Amino acid sequence: MTAMDTAKRLAAETAVQRVEDGMIVGLGTGSTAYYAIARIAQRVQQGLRIQAVASSARSEALALELGIQLVPLSSISGIDLTIDGADEVDPALHLIKGGGGALLREKILAMSSNRFIVIADESKRVAQLGRFPLPVEIVPFAANLTIAKLRELGCKPSVRMVESQEYKTDNGNYIVDCAFGGIADPQQLEARINAIAGVVENGLFTHMASTVIFASQDGAISVLEQSR
Ligand code: 5RP
């Protein structure tokens, strides 16, 4: 395991300490969320009783394989706690997410959660969002027109590809990675992007994280709480 993986695991295991008996827990997606799911599964084996909802087919398969009880989203009215990773975190705890392509389902879980805990290694901490190209999920219909509207917002858009084919999300849509370089007003940009017909959702998560847990490669943990 690399030092980076150790940091991801440490952040994840610190977050999982906050999971309690009886909770409905949202499971994130990505290499950091993987460690949270694995740790939750360990605690379930030790007797923790929870129900979980997953933010992607990948996390759902992992949870099932590790013995975590999943419930359909249609059967619940809210989530107690969601734990997920991020691609960038700014000082106001605004995020860029969607590097793993699961941003729509991740945002649905985050907005329905009483608490949304973000876990990350220190490399994800930034002064300003935008160095990481912002993932935007769009419907395939007239994708070129939607992409032209994204370009008008000042980014360099690029359709995510896998083996020469457009990458398809769990919802059957495309991801456009939008290189902005820097994002001065994340909240405004989040709203402007979602106002484009053809956009399903974008990876800016503003005013959503309740807590961010960073871990560094030397084992230091820093916990930032959102002031409400
Ligand atoms: C997936 C995500 C991930 O949380 C984000 O990409 C971070 O992933 P990782 O923990 O692998 O760095 O938003 O859609």
# chains A, B, ... in the order shown; residues from 1 in each chain; ligands from 1
>>> closest_atom_pairs(of="region 78-174 of chain A", to="region 59-67 of chain A", cutoff="12 Å", atoms="only C-alpha atoms", output="CSV")
residue,atom,partner,partner_atom,distance
A:Ile83,CA,A:Ser59,CA,12.0
A:Asp84,CA,A:Ser59,CA,10.9
A:Gly100,CA,A:Ser59,CA,11.2
A:Ala102,CA,A:Ser59,CA,10.0
A:Arg105,CA,A:Ser59,CA,11.3
A:Glu106,CA,A:Ser59,CA,11.0
A:Asp170,CA,A:Ser59,CA,11.5
>>> write_last_selection(atoms="C-alpha atoms", output="mmCIF file, in the first residue's frame")
data_model
loop_
_atom_site.group_PDB
_atom_site.id
_atom_site.type_symbol
_atom_site.label_atom_id
_atom_site.label_comp_id
_atom_site.auth_asym_id
_atom_site.auth_seq_id
_atom_site.Cartn_x
_atom_site.Cartn_y
_atom_site.Cartn_z
ATOM 1 C CA ILE A 83 -19.332 9.310 3.598
ATOM 2 C CA ASP A 84 -17.704 10.094 0.248
ATOM 3 C CA GLY A 100 -15.216 8.639 -10.826
ATOM 4 C CA ALA A 102 -20.813 9.107 -10.099
ATOM 5 C CA ARG A 105 -26.092 9.852 -7.548
ATOM 6 C CA GLU A 106 -23.489 11.189 -5.117
ATOM 7 C CA ASP A 170 -24.689 4.553 -14.424
#
>>> residues_around(residues="Leu81 (chain A)", least_positions_apart="2", cutoff="7 Å", atoms="only C-alpha atoms", output="ChimeraX atom specification")
/A:24-26,79,83,113-116
>>> closest_residue(among="A:Gln128, A:Gln69, A:Thr14, A:Asn202", to="ligand 1", atoms="only C-alpha atoms and all ligand atoms")
A:Asn202
>>> select_by_dssp(residues="region 87-211 of chain A", states="strand (DSSP E)", output="short mmCIF file (atom, residue, chain, number, x, y, z; two decimals) with all heavy atoms, in the first residue's frame")
data_model
loop_
_atom_site.label_atom_id
_atom_site.label_comp_id
_atom_site.auth_asym_id
_atom_site.auth_seq_id
_atom_site.Cartn_x
_atom_site.Cartn_y
_atom_site.Cartn_z
N GLU A 88 -11.50 17.88 -5.19
CA GLU A 88 -10.92 19.10 -4.62
C GLU A 88 -11.83 19.60 -3.49
O GLU A 88 -13.05 19.47 -3.57
CB GLU A 88 -10.79 20.22 -5.67
CG GLU A 88 -9.67 20.01 -6.67
CD GLU A 88 -9.47 21.20 -7.62
OE1 GLU A 88 -10.35 22.08 -7.71
OE2 GLU A 88 -8.43 21.24 -8.29
N VAL A 89 -11.20 20.20 -2.49
CA VAL A 89 -11.94 20.80 -1.36
C VAL A 89 -11.36 22.18 -1.11
O VAL A 89 -10.14 22.32 -0.94
CB VAL A 89 -11.77 19.97 -0.07
CG1 VAL A 89 -12.60 20.57 1.07
CG2 VAL A 89 -12.14 18.51 -0.29
N LEU A 95 -16.80 21.71 -2.91
CA LEU A 95 -16.09 20.56 -3.48
C LEU A 95 -16.20 20.51 -4.99
O LEU A 95 -17.19 20.98 -5.56
CB LEU A 95 -16.72 19.24 -2.98
CG LEU A 95 -17.13 19.14 -1.53
CD1 LEU A 95 -17.94 17.85 -1.33
CD2 LEU A 95 -15.90 19.13 -0.63
N ILE A 96 -15.20 19.89 -5.62
CA ILE A 96 -15.39 19.31 -6.95
C ILE A 96 -15.42 17.80 -6.76
O ILE A 96 -14.55 17.23 -6.10
CB ILE A 96 -14.28 19.71 -7.94
CG1 ILE A 96 -14.45 21.17 -8.37
CG2 ILE A 96 -14.32 18.80 -9.18
CD1 ILE A 96 -13.45 21.64 -9.40
N SER A 113 -28.91 13.83 2.99
CA SER A 113 -28.25 13.32 4.20
C SER A 113 -28.26 14.36 5.31
O SER A 113 -28.00 15.54 5.07
CB SER A 113 -26.79 12.96 3.90
OG SER A 113 -26.74 11.94 2.93
N ASN A 114 -28.54 13.91 6.52
CA ASN A 114 -28.41 14.82 7.67
C ASN A 114 -26.98 15.29 7.81
O ASN A 114 -26.74 16.45 8.13
CB ASN A 114 -28.81 14.11 8.97
CG ASN A 114 -30.30 14.01 9.09
OD1 ASN A 114 -31.03 14.76 8.43
ND2 ASN A 114 -30.77 13.08 9.90
N ARG A 115 -26.05 14.37 7.62
CA ARG A 115 -24.63 14.73 7.67
C ARG A 115 -23.90 14.15 6.46
O ARG A 115 -24.12 12.99 6.12
CB ARG A 115 -23.99 14.24 8.97
CG ARG A 115 -24.24 15.20 10.13
CD ARG A 115 -23.55 14.73 11.38
NE ARG A 115 -24.16 13.51 11.88
CZ ARG A 115 -23.54 12.60 12.63
NH1 ARG A 115 -22.27 12.75 12.96
NH2 ARG A 115 -24.17 11.52 13.06
N PHE A 116 -23.05 14.96 5.87
CA PHE A 116 -22.29 14.54 4.69
C PHE A 116 -20.81 14.73 5.02
O PHE A 116 -20.32 15.86 5.12
CB PHE A 116 -22.71 15.39 3.50
CG PHE A 116 -21.91 15.16 2.23
CD1 PHE A 116 -21.48 13.90 1.86
CD2 PHE A 116 -21.60 16.23 1.39
CE1 PHE A 116 -20.76 13.69 0.69
CE2 PHE A 116 -20.89 16.04 0.23
CZ PHE A 116 -20.45 14.77 -0.13
N ILE A 117 -20.13 13.61 5.24
CA ILE A 117 -18.72 13.66 5.62
C ILE A 117 -17.85 13.35 4.40
O ILE A 117 -18.02 12.31 3.76
CB ILE A 117 -18.39 12.64 6.74
CG1 ILE A 117 -19.29 12.91 7.96
CG2 ILE A 117 -16.93 12.72 7.13
CD1 ILE A 117 -18.97 12.02 9.14
N VAL A 118 -16.94 14.27 4.12
CA VAL A 118 -16.02 14.10 2.99
C VAL A 118 -14.67 13.63 3.52
O VAL A 118 -14.18 14.16 4.52
CB VAL A 118 -15.87 15.44 2.23
CG1 VAL A 118 -14.83 15.32 1.12
CG2 VAL A 118 -17.23 15.85 1.65
N ILE A 119 -14.11 12.64 2.84
CA ILE A 119 -12.83 12.07 3.27
C ILE A 119 -11.82 12.24 2.14
O ILE A 119 -12.14 12.00 0.97
CB ILE A 119 -12.99 10.58 3.67
CG1 ILE A 119 -13.76 9.80 2.58
CG2 ILE A 119 -13.69 10.46 5.00
CD1 ILE A 119 -13.93 8.32 2.86
N ALA A 120 -10.62 12.66 2.50
CA ALA A 120 -9.64 12.96 1.44
C ALA A 120 -8.23 12.94 2.00
O ALA A 120 -8.01 13.26 3.17
CB ALA A 120 -9.94 14.34 0.84
N ASP A 121 -7.28 12.63 1.12
CA ASP A 121 -5.89 12.85 1.47
C ASP A 121 -5.59 14.33 1.22
O ASP A 121 -6.32 15.02 0.51
CB ASP A 121 -4.97 11.94 0.65
CG ASP A 121 -5.09 12.24 -0.82
OD1 ASP A 121 -4.40 13.16 -1.29
OD2 ASP A 121 -5.90 11.59 -1.51
N LEU A 134 -13.77 20.25 -14.11
CA LEU A 134 -15.07 20.01 -13.48
C LEU A 134 -15.91 19.02 -14.29
O LEU A 134 -16.24 19.29 -15.46
CB LEU A 134 -15.83 21.34 -13.37
CG LEU A 134 -17.24 21.25 -12.81
CD1 LEU A 134 -17.23 20.82 -11.35
CD2 LEU A 134 -17.96 22.59 -12.98
N PRO A 135 -16.27 17.86 -13.70
CA PRO A 135 -17.10 16.90 -14.42
C PRO A 135 -18.55 17.39 -14.49
O PRO A 135 -19.13 17.82 -13.49
CB PRO A 135 -17.00 15.63 -13.58
CG PRO A 135 -15.80 15.83 -12.69
CD PRO A 135 -15.78 17.30 -12.42
N VAL A 136 -19.13 17.32 -15.68
CA VAL A 136 -20.53 17.70 -15.88
C VAL A 136 -21.22 16.54 -16.60
O VAL A 136 -20.73 16.08 -17.63
CB VAL A 136 -20.63 18.99 -16.73
CG1 VAL A 136 -22.10 19.36 -16.96
CG2 VAL A 136 -19.90 20.16 -16.05
N GLU A 137 -22.32 16.06 -16.03
CA GLU A 137 -23.06 14.96 -16.66
C GLU A 137 -24.10 15.56 -17.61
O GLU A 137 -24.89 16.42 -17.20
CB GLU A 137 -23.73 14.09 -15.58
CG GLU A 137 -24.52 12.93 -16.16
CD GLU A 137 -24.76 11.80 -15.16
OE1 GLU A 137 -24.13 11.77 -14.09
OE2 GLU A 137 -25.59 10.91 -15.48
N ILE A 138 -24.08 15.12 -18.87
CA ILE A 138 -25.04 15.65 -19.85
C ILE A 138 -25.75 14.50 -20.55
O ILE A 138 -25.21 13.38 -20.62
CB ILE A 138 -24.35 16.55 -20.91
CG1 ILE A 138 -23.45 15.73 -21.83
CG2 ILE A 138 -23.56 17.68 -20.26
CD1 ILE A 138 -23.01 16.48 -23.10
N LYS A 156 -12.67 24.84 -21.11
CA LYS A 156 -12.29 24.00 -22.24
C LYS A 156 -12.91 22.63 -21.97
O LYS A 156 -12.44 21.88 -21.10
CB LYS A 156 -10.76 23.90 -22.28
CG LYS A 156 -10.22 23.71 -23.65
CD LYS A 156 -8.72 23.88 -23.67
CE LYS A 156 -8.16 22.89 -24.67
NZ LYS A 156 -6.85 22.38 -24.37
N PRO A 157 -14.02 22.31 -22.68
CA PRO A 157 -14.70 21.05 -22.39
C PRO A 157 -14.14 19.87 -23.16
O PRO A 157 -13.72 20.02 -24.31
CB PRO A 157 -16.15 21.33 -22.86
CG PRO A 157 -16.03 22.41 -23.89
CD PRO A 157 -14.72 23.12 -23.70
N SER A 158 -14.17 18.72 -22.54
CA SER A 158 -13.70 17.52 -23.24
C SER A 158 -14.54 16.31 -22.79
O SER A 158 -14.70 16.08 -21.59
CB SER A 158 -12.20 17.40 -22.97
OG SER A 158 -11.83 16.16 -22.59
N VAL A 159 -15.10 15.63 -23.77
CA VAL A 159 -15.97 14.49 -23.46
C VAL A 159 -15.10 13.35 -22.92
O VAL A 159 -14.09 13.00 -23.54
CB VAL A 159 -16.74 14.02 -24.71
CG1 VAL A 159 -17.60 12.79 -24.40
CG2 VAL A 159 -17.61 15.13 -25.25
N MET A 161 -13.71 9.82 -22.40
CA MET A 161 -13.72 8.65 -23.28
C MET A 161 -13.13 7.44 -22.55
O MET A 161 -12.26 7.59 -21.68
CB MET A 161 -12.85 8.92 -24.52
CG MET A 161 -13.22 10.17 -25.31
SD MET A 161 -14.83 10.08 -26.10
CE MET A 161 -14.46 9.03 -27.48
N VAL A 162 -13.61 6.28 -22.92
CA VAL A 162 -13.02 5.02 -22.44
C VAL A 162 -12.87 4.12 -23.65
O VAL A 162 -13.87 3.81 -24.31
CB VAL A 162 -13.91 4.33 -21.38
CG1 VAL A 162 -13.32 2.99 -20.98
CG2 VAL A 162 -14.09 5.19 -20.16
N GLN A 165 -14.54 5.12 -26.86
CA GLN A 165 -16.00 5.30 -26.79
C GLN A 165 -16.30 6.34 -25.71
O GLN A 165 -15.55 6.45 -24.74
CB GLN A 165 -16.69 4.00 -26.36
CG GLN A 165 -16.57 2.85 -27.34
CD GLN A 165 -17.38 3.07 -28.59
OE1 GLN A 165 -18.52 3.52 -28.53
NE2 GLN A 165 -16.79 2.81 -29.74
N GLU A 166 -17.43 7.06 -25.87
CA GLU A 166 -17.85 7.96 -24.81
C GLU A 166 -18.09 7.15 -23.53
O GLU A 166 -18.77 6.12 -23.58
CB GLU A 166 -19.15 8.71 -25.16
CG GLU A 166 -18.98 9.77 -26.21
CD GLU A 166 -19.18 9.21 -27.62
OE1 GLU A 166 -19.35 7.97 -27.76
OE2 GLU A 166 -19.17 10.02 -28.57
N TYR A 174 -23.39 11.06 -20.68
CA TYR A 174 -21.97 11.35 -20.90
C TYR A 174 -21.44 12.23 -19.76
O TYR A 174 -22.22 12.91 -19.08
CB TYR A 174 -21.76 12.15 -22.19
CG TYR A 174 -22.12 11.43 -23.47
CD1 TYR A 174 -22.24 12.15 -24.66
CD2 TYR A 174 -22.31 10.05 -23.53
CE1 TYR A 174 -22.57 11.53 -25.86
CE2 TYR A 174 -22.63 9.43 -24.73
CZ TYR A 174 -22.76 10.16 -25.88
OH TYR A 174 -23.09 9.55 -27.06
N ILE A 175 -20.12 12.22 -19.62
CA ILE A 175 -19.45 13.18 -18.73
C ILE A 175 -18.60 14.10 -19.60
O ILE A 175 -17.82 13.63 -20.44
CB ILE A 175 -18.54 12.48 -17.69
CG1 ILE A 175 -19.35 11.61 -16.70
CG2 ILE A 175 -17.68 13.50 -16.95
CD1 ILE A 175 -20.07 12.35 -15.62
N VAL A 176 -18.74 15.41 -19.39
CA VAL A 176 -17.85 16.38 -20.03
C VAL A 176 -16.96 16.95 -18.94
O VAL A 176 -17.46 17.47 -17.93
CB VAL A 176 -18.65 17.53 -20.69
CG1 VAL A 176 -17.71 18.45 -21.44
CG2 VAL A 176 -19.70 16.97 -21.62
N ASP A 177 -15.65 16.81 -19.10
CA ASP A 177 -14.70 17.37 -18.12
C ASP A 177 -14.36 18.79 -18.57
O ASP A 177 -13.80 18.98 -19.66
CB ASP A 177 -13.47 16.48 -18.03
CG ASP A 177 -13.81 15.12 -17.41
OD1 ASP A 177 -14.34 15.11 -16.27
OD2 ASP A 177 -13.59 14.07 -18.04
N CYS A 178 -14.72 19.76 -17.74
CA CYS A 178 -14.64 21.18 -18.12
C CYS A 178 -13.46 21.84 -17.40
O CYS A 178 -13.51 22.07 -16.19
CB CYS A 178 -15.93 21.89 -17.75
SG CYS A 178 -17.34 21.26 -18.67
N ALA A 179 -12.41 22.15 -18.17
CA ALA A 179 -11.21 22.77 -17.56
C ALA A 179 -11.43 24.27 -17.45
O ALA A 179 -11.43 24.98 -18.45
CB ALA A 179 -9.99 22.45 -18.43
N VAL A 199 -27.87 19.61 -19.54
CA VAL A 199 -27.04 19.27 -18.37
C VAL A 199 -27.92 18.55 -17.36
O VAL A 199 -29.02 19.02 -17.03
CB VAL A 199 -26.41 20.53 -17.74
CG1 VAL A 199 -25.82 20.20 -16.37
CG2 VAL A 199 -25.35 21.11 -18.64
N VAL A 200 -27.43 17.42 -16.88
CA VAL A 200 -28.17 16.69 -15.85
C VAL A 200 -27.74 17.17 -14.46
O VAL A 200 -28.57 17.46 -13.61
CB VAL A 200 -27.90 15.17 -15.99
CG1 VAL A 200 -28.65 14.39 -14.92
CG2 VAL A 200 -28.32 14.69 -17.37
N GLU A 201 -26.43 17.29 -14.26
CA GLU A 201 -25.90 17.76 -12.96
C GLU A 201 -24.42 18.03 -13.14
O GLU A 201 -23.81 17.57 -14.11
CB GLU A 201 -26.13 16.67 -11.90
CG GLU A 201 -25.87 17.06 -10.45
CD GLU A 201 -26.50 18.40 -10.05
OE1 GLU A 201 -27.68 18.44 -9.69
OE2 GLU A 201 -25.76 19.41 -10.13
N ASN A 202 -23.86 18.83 -12.26
CA ASN A 202 -22.41 19.08 -12.33
C ASN A 202 -21.75 18.75 -11.00
O ASN A 202 -22.42 18.61 -9.97
CB ASN A 202 -22.13 20.51 -12.81
CG ASN A 202 -22.44 21.56 -11.76
OD1 ASN A 202 -21.62 21.79 -10.87
ND2 ASN A 202 -23.62 22.16 -11.83
N LEU A 204 -19.87 20.41 -8.96
CA LEU A 204 -19.67 21.38 -7.88
C LEU A 204 -20.66 21.07 -6.76
O LEU A 204 -21.87 21.03 -7.00
CB LEU A 204 -19.87 22.82 -8.39
CG LEU A 204 -18.67 23.40 -9.14
CD1 LEU A 204 -19.07 24.66 -9.89
CD2 LEU A 204 -17.51 23.68 -8.18
N PHE A 205 -20.15 20.85 -5.58
CA PHE A 205 -20.99 20.59 -4.40
C PHE A 205 -20.74 21.75 -3.44
O PHE A 205 -19.75 21.77 -2.71
CB PHE A 205 -20.58 19.28 -3.71
CG PHE A 205 -21.01 18.00 -4.40
CD1 PHE A 205 -20.81 17.80 -5.76
CD2 PHE A 205 -21.56 16.96 -3.67
CE1 PHE A 205 -21.19 16.61 -6.38
CE2 PHE A 205 -21.94 15.76 -4.27
CZ PHE A 205 -21.75 15.59 -5.63
N THR A 211 -18.73 18.04 7.17
CA THR A 211 -17.41 17.80 7.76
C THR A 211 -16.46 17.34 6.66
O THR A 211 -16.89 16.61 5.77
CB THR A 211 -17.51 16.65 8.81
OG1 THR A 211 -18.50 16.99 9.77
CG2 THR A 211 -16.19 16.38 9.50
#
>>> closest_atom_pairs(of="chain A", to="ligand 1", cutoff="7 Å", atoms="only C-alpha atoms and all ligand atoms", output="tab-separated table")
residue	atom	partner	partner_atom_place_in_ligand_line	distance
A:Gly28	CA	ligand 1	4 (O)	6.5
A:Thr29	CA	ligand 1	1 (C)	5.0
A:Gly30	CA	ligand 1	11 (O)	3.8
A:Ser31	CA	ligand 1	11 (O)	3.6
A:Thr32	CA	ligand 1	10 (O)	3.7
A:Ala33	CA	ligand 1	10 (O)	5.9
A:Asp84	CA	ligand 1	4 (O)	5.6
A:Gly85	CA	ligand 1	4 (O)	3.5
A:Ala86	CA	ligand 1	7 (C)	4.1
A:Asp87	CA	ligand 1	7 (C)	4.6
A:Lys97	CA	ligand 1	13 (O)	3.7
A:Gly98	CA	ligand 1	14 (O)	3.4
A:Gly99	CA	ligand 1	6 (O)	3.4
A:Gly100	CA	ligand 1	1 (C)	3.5
A:Gly101	CA	ligand 1	14 (O)	4.3
A:Ala102	CA	ligand 1	14 (O)	3.8
A:Leu103	CA	ligand 1	14 (O)	4.8
A:Ala120	CA	ligand 1	10 (O)	6.7
>>> residues_around(residues="Glu20 (chain A)", least_positions_apart="6", cutoff="9 Å", atoms="only C-alpha atoms", output="list in words")
Leu48, Arg49 and Ile50 of chain A
>>> write_last_selection(atoms="C-alpha atoms", output="mmCIF file, in the first residue's frame")
data_model
loop_
_atom_site.group_PDB
_atom_site.id
_atom_site.type_symbol
_atom_site.label_atom_id
_atom_site.label_comp_id
_atom_site.auth_asym_id
_atom_site.auth_seq_id
_atom_site.Cartn_x
_atom_site.Cartn_y
_atom_site.Cartn_z
ATOM 1 C CA LEU A 48 -22.919 -3.035 13.814
ATOM 2 C CA ARG A 49 -26.503 -2.902 12.498
ATOM 3 C CA ILE A 50 -27.031 -0.408 9.664
#
>>> atom_distance(atom1="CA of Gln46 (chain A)", atom2="CA of Gly219 (chain A)")
25.3 Å
>>> select_by_dssp(residues="region 51-178 of chain A", states="helix (DSSP H, G or I)", output="ChimeraX atom specification")
/A:57-66,73-75,103-111,122-124,143-152
>>> closest_residue(among="A:Gly22, A:Gly181, A:Gly78, A:Pro91", to="Arg131 (chain A)", atoms="only C-alpha atoms")
A:Gly181
>>> decode(residues="region 147-167 of chain A", atoms="N, CA and C atoms", output="compact mmCIF listing (two decimals), in the first residue's frame")
# COMPACT_ATOMS: atom_id res chain seq x y z
N ILE A 147 -22.45 21.05 -25.16
CA ILE A 147 -21.02 21.32 -24.94
C ILE A 147 -20.67 22.74 -25.37
N ALA A 148 -21.29 23.21 -26.45
CA ALA A 148 -21.04 24.59 -26.90
C ALA A 148 -21.48 25.59 -25.82
N LYS A 149 -22.59 25.32 -25.16
CA LYS A 149 -23.07 26.20 -24.07
C LYS A 149 -22.11 26.16 -22.89
N LEU A 150 -21.55 25.01 -22.61
CA LEU A 150 -20.57 24.91 -21.52
C LEU A 150 -19.33 25.74 -21.86
N ARG A 151 -18.91 25.66 -23.12
CA ARG A 151 -17.73 26.42 -23.56
C ARG A 151 -17.95 27.92 -23.36
N GLU A 152 -19.17 28.37 -23.61
CA GLU A 152 -19.49 29.80 -23.45
C GLU A 152 -19.29 30.27 -22.00
N LEU A 153 -19.28 29.33 -21.05
CA LEU A 153 -19.06 29.72 -19.65
C LEU A 153 -17.57 29.90 -19.34
N GLY A 154 -16.73 29.67 -20.33
CA GLY A 154 -15.31 29.99 -20.14
C GLY A 154 -14.41 28.80 -19.87
N CYS A 155 -14.89 27.60 -20.19
CA CYS A 155 -14.04 26.43 -19.94
C CYS A 155 -13.61 25.77 -21.25
N LYS A 156 -12.67 24.84 -21.11
CA LYS A 156 -12.29 24.00 -22.24
C LYS A 156 -12.91 22.63 -21.97
N PRO A 157 -14.02 22.31 -22.68
CA PRO A 157 -14.70 21.05 -22.39
C PRO A 157 -14.14 19.87 -23.16
N SER A 158 -14.17 18.72 -22.54
CA SER A 158 -13.70 17.52 -23.24
C SER A 158 -14.54 16.31 -22.79
N VAL A 159 -15.10 15.63 -23.77
CA VAL A 159 -15.97 14.49 -23.46
C VAL A 159 -15.10 13.35 -22.92
N ARG A 160 -15.48 12.79 -21.78
CA ARG A 160 -14.70 11.69 -21.21
C ARG A 160 -14.85 10.44 -22.08
N MET A 161 -13.71 9.82 -22.40
CA MET A 161 -13.72 8.65 -23.28
C MET A 161 -13.13 7.44 -22.55
N VAL A 162 -13.61 6.28 -22.92
CA VAL A 162 -13.02 5.02 -22.44
C VAL A 162 -12.87 4.12 -23.65
N GLU A 163 -11.64 3.73 -23.94
CA GLU A 163 -11.34 2.86 -25.09
C GLU A 163 -12.04 3.37 -26.36
N SER A 164 -11.83 4.63 -26.68
CA SER A 164 -12.34 5.28 -27.89
C SER A 164 -13.87 5.43 -27.94
N GLN A 165 -14.54 5.12 -26.86
CA GLN A 165 -16.00 5.30 -26.79
C GLN A 165 -16.30 6.34 -25.71
N GLU A 166 -17.43 7.06 -25.87
CA GLU A 166 -17.85 7.96 -24.81
C GLU A 166 -18.09 7.15 -23.53
N TYR A 167 -17.52 7.63 -22.41
CA TYR A 167 -17.79 7.02 -21.11
C TYR A 167 -19.27 7.20 -20.81
